[in-house]
Amino acid sequence: MTQESSQRARAAGVHRVVVIVDENSNPFELGCATEVFGLRRPEIGRELYDFRLCSPEPALLMRDGFFTLTGVAGLEAADTADTLIVPNRPDVEVPRRPAVLDAVRRAHARGARLIGLCSGAFTLAEAGVLDGRRATAHWQWADAFRSRFPAVRLEADVLFVDDGDILTAAGSAAALDLGLHVVRRDHGAEVANSVSRRLVFAAHRDGGQRQFVERPMPDVPDESLAPVLSWAQERLDSPLTIADLATRAAVSPATLHRRFRTQLGTTPLAWLTGERLALACRLIERGESRFEVVARRSGLGTATNLRVLMRRGTGITPSAYRRRFGPEVN
């Protein structure tokens with residue numbers, strides 16, 4: 001975001017996201033954060049975030065010395081963040097700078113939201129803000145993380161963890177999953193879908209999905225789930241069952257379950273429920289105020305079931321979701 005647009009967004013009270021970049025940081029996760037939070041969204045018609053980069057030095061080498069980053073704000077910009085994304089680096093055994101850790105602690109103390117992408121969980125843990133909290137990190141560093149930070153409740157086989165004011169992602173593409181989750185949490189499912197379309201990326205992968213998903217070369221016939229997923233997404237308001245999905249895919253329910261685990265890292269029921277919940281959120285955002293209608297059209301059945309699943313999936317009730325993301329606030 002340019003300085004002029006940043007000033008305009010800040011004047012309008014737009015949520016500020018600041019990324020601390022340190023020496024040897026990974027450019028991929030930095031790029032993910034920039035894509036999700038830093039680009040202007042003219043198709044949405046409003047600024048979603050005020051985005052800034054900052055660093056503890058005027059010039060620093062990115063990972064393996066591929067390039068030098070200059071021209072960003074100083075570390076003091078971290079003190080202005082509503083959401084602070086902390087540094088992630090492959091050298092997880094090297095201690096983080098005291099100045100960076102102090103900036104993380106100050107942000108946490110004043111109530112800012114903290115995000116660690118990939119090895120960024122090490123930064124958060126070293127700052128002491130993860131003790132007793134849930135977090136994840138890239139699977140290859142799980143043993144090292146547990147050894148150094150036994151007080152953290154590491155969930156090593158998930159894409160990301162949302163623990164309220166502290167969120168962590170496993171790394172690489174999971175940084176995009178977490179970024180879109182944050183957009184969905186802040187601005188609703190419709191806006192998150194718009195951002196995902198710009199990214200040409202899946203709109204929603206639940207954080208509880210596995211990090212490592214096997215993708216073997218398909219046998220003949222093609223075992224891709226894409227046809228049955230598309231078929232089901234067009235019929236979410238119907239009383240679909242796992243048996244229906246298996247019949248459509250011309251396999252047994254056990255084989256369908258195995259393919260979901262292998263290709264998507266989740267179960268058929270969890271995927272179907274997630275798709276229905278996402279549709280319910282979109283219906284509420286588009287103005288449907290009758291929750292029994294939302295439940296029926298999304299395939300969730302009853303308003304009671306809608307309330308239970310929405311609270312579990314979004315952390316808030318349908319009424320609170322409508323107040324936050326309904327047409328009257330957009």
# chains A, B, ... in the order shown; residues from 1 in each chain; ligands from 1
>>> residues_around(residues="Leu75 in chain A", least_positions_apart="6", cutoff="6 Å", atoms="only C-alpha atoms", output="CSV table (one decimal) with N, CA and C atoms, in the first residue's frame")
chain,number,residue,atom,x,y,z
A,54,CYS,N,7.8,-3.2,8.1
A,54,CYS,CA,8.8,-2.5,8.9
A,54,CYS,C,9.9,-3.5,9.2
A,55,SER,N,11.1,-3.0,9.6
A,55,SER,CA,12.2,-3.8,9.9
A,55,SER,C,13.1,-3.1,10.9
A,56,PRO,N,14.0,-3.9,11.6
A,56,PRO,CA,14.8,-3.3,12.6
A,56,PRO,C,16.1,-2.6,12.0
>>> residues_around(residues="range 295-307 of chain A", least_positions_apart="4", cutoff="8 Å", atoms="only C-alpha atoms", output="tab-separated table (two decimals) with N, CA, C and O atoms, in the first residue's frame")
chain	number	residue	atom	x	y	z
A	236	LEU	N	-26.15	-28.13	-2.24
A	236	LEU	CA	-25.97	-28.06	-0.80
A	236	LEU	C	-27.30	-27.98	-0.05
A	236	LEU	O	-27.39	-28.35	1.11
A	237	ASP	N	-28.34	-27.47	-0.71
A	237	ASP	CA	-29.64	-27.37	-0.06
A	237	ASP	C	-30.40	-28.70	-0.06
A	237	ASP	O	-31.45	-28.82	0.58
A	238	SER	N	-29.85	-29.69	-0.74
A	238	SER	CA	-30.48	-31.01	-0.76
A	238	SER	C	-29.98	-31.84	0.42
A	238	SER	O	-28.89	-31.59	0.94
A	239	PRO	N	-30.73	-32.84	0.83
A	239	PRO	CA	-30.31	-33.68	1.95
A	239	PRO	C	-29.21	-34.67	1.56
A	239	PRO	O	-29.40	-35.90	1.56
A	273	THR	N	-20.00	-30.16	5.68
A	273	THR	CA	-20.46	-29.21	6.70
A	273	THR	C	-19.82	-27.85	6.51
A	273	THR	O	-20.48	-26.81	6.64
A	276	ARG	N	-21.46	-26.02	3.61
A	276	ARG	CA	-22.80	-25.55	3.97
A	276	ARG	C	-22.73	-24.35	4.90
A	276	ARG	O	-23.52	-23.41	4.78
A	277	LEU	N	-21.78	-24.36	5.82
A	277	LEU	CA	-21.64	-23.22	6.72
A	277	LEU	C	-21.20	-21.98	5.95
A	277	LEU	O	-21.69	-20.88	6.20
A	279	LEU	N	-21.89	-21.32	2.85
A	279	LEU	CA	-23.07	-20.85	2.12
A	279	LEU	C	-24.02	-20.11	3.06
A	279	LEU	O	-24.58	-19.07	2.70
A	280	ALA	N	-24.20	-20.63	4.27
A	280	ALA	CA	-25.07	-19.96	5.24
A	280	ALA	C	-24.56	-18.55	5.55
A	280	ALA	O	-25.35	-17.60	5.63
A	291	PHE	N	-33.47	-17.15	9.91
A	291	PHE	CA	-32.44	-18.16	10.09
A	291	PHE	C	-32.93	-19.55	9.73
A	291	PHE	O	-32.14	-20.40	9.32
A	311	ARG	N	-21.59	-20.98	15.58
A	311	ARG	CA	-20.78	-20.62	16.75
A	311	ARG	C	-19.48	-21.41	16.76
A	311	ARG	O	-18.43	-20.89	17.08
A	317	THR	N	-22.67	-16.10	17.07
A	317	THR	CA	-24.00	-16.59	16.73
A	317	THR	C	-24.44	-16.03	15.36
A	317	THR	O	-23.88	-15.04	14.88
A	318	PRO	N	-25.47	-16.63	14.76
A	318	PRO	CA	-26.00	-16.06	13.51
A	318	PRO	C	-26.45	-14.60	13.67
A	318	PRO	O	-26.23	-13.78	12.77
>>> residues_around(residues="Thr70 in chain A", least_positions_apart="2", cutoff="12 Å", atoms="only C-alpha atoms", output="ChimeraX atom specification")
/A:21-23,53-62,67-68,72-74
>>> write_last_selection(atoms="C-alpha atoms", output="CSV table (one decimal), in the first residue's frame")
chain,number,residue,atom,x,y,z
A,21,VAL,CA,10.6,-8.3,8.3
A,22,ASP,CA,14.0,-9.4,9.8
A,23,GLU,CA,17.2,-10.7,8.3
A,53,LEU,CA,6.2,-3.4,6.3
A,54,CYS,CA,8.8,-2.5,8.9
A,55,SER,CA,12.2,-3.8,9.9
A,56,PRO,CA,14.8,-3.3,12.6
A,57,GLU,CA,17.4,-2.1,10.1
A,58,PRO,CA,17.4,0.2,7.1
A,59,ALA,CA,18.6,-2.6,4.8
A,60,LEU,CA,18.5,-6.3,5.4
A,61,LEU,CA,19.2,-9.5,3.4
A,62,MET,CA,16.2,-11.8,2.8
A,67,PHE,CA,17.8,-9.9,-2.4
A,68,THR,CA,18.1,-6.9,0.0
A,72,VAL,CA,10.4,0.2,4.6
A,73,ALA,CA,9.4,1.8,7.9
A,74,GLY,CA,11.5,1.4,11.1
>>> residues_around(residues="range 155-170 of chain A", least_positions_apart="5", cutoff="10 Å", atoms="only C-alpha atoms", output="VMD selection string")
chain A and resid 83 to 85 108 111 to 121 124 129 to 130 133 to 143 145 to 146 175 to 179 181 to 182 205 to 212 265 315
>>> atom_distance(atom1="CA of Asp186 in chain A", atom2="CA of Tyr49 in chain A")
10.0 Å
>>> atom_distance(atom1="CA of Glu126 in chain A", atom2="CA of Ala103 in chain A")
12.2 Å
>>> closest_residue(among="A:Ala232, A:Glu292, A:Val100, A:Ala173", to="Cys32 in chain A", atoms="only C-alpha atoms")
A:Ala173
>>> select_by_dssp(residues="range 38-111 of chain A", states="strand (DSSP E)", output="ChimeraX atom specification")
/A:50-55,59-61,68-70,73-74,83-85
>>> residues_around(residues="Ala144 in chain A", least_positions_apart="6", cutoff="10 Å", atoms="only C-alpha atoms", output="list in words")
Val92, Glu93 and Phe122 of chain A
>>> write_last_selection(atoms="N, CA and C atoms", output="mmCIF file, in the first residue's frame")
data_model
loop_
_atom_site.group_PDB
_atom_site.id
_atom_site.type_symbol
_atom_site.label_atom_id
_atom_site.label_comp_id
_atom_site.auth_asym_id
_atom_site.auth_seq_id
_atom_site.Cartn_x
_atom_site.Cartn_y
_atom_site.Cartn_z
ATOM 1 N N VAL A 92 15.788 -21.502 12.663
ATOM 2 C CA VAL A 92 14.953 -21.458 13.859
ATOM 3 C C VAL A 92 15.764 -21.554 15.148
ATOM 4 N N GLU A 93 17.001 -22.015 15.084
ATOM 5 C CA GLU A 93 17.815 -22.123 16.294
ATOM 6 C C GLU A 93 18.496 -20.808 16.657
ATOM 7 N N PHE A 122 8.021 -19.621 16.218
ATOM 8 C CA PHE A 122 9.203 -19.557 17.073
ATOM 9 C C PHE A 122 9.389 -18.149 17.630
#
>>> closest_residue(among="A:Leu225, A:Ala81, A:Leu39, A:Ala270", to="Arg248 in chain A", atoms="only C-alpha atoms")
A:Leu225
>>> closest_residue(among="A:Arg184, A:Ser252, A:Glu234, A:Ile44", to="Thr314 in chain A", atoms="only C-alpha atoms")
A:Arg184
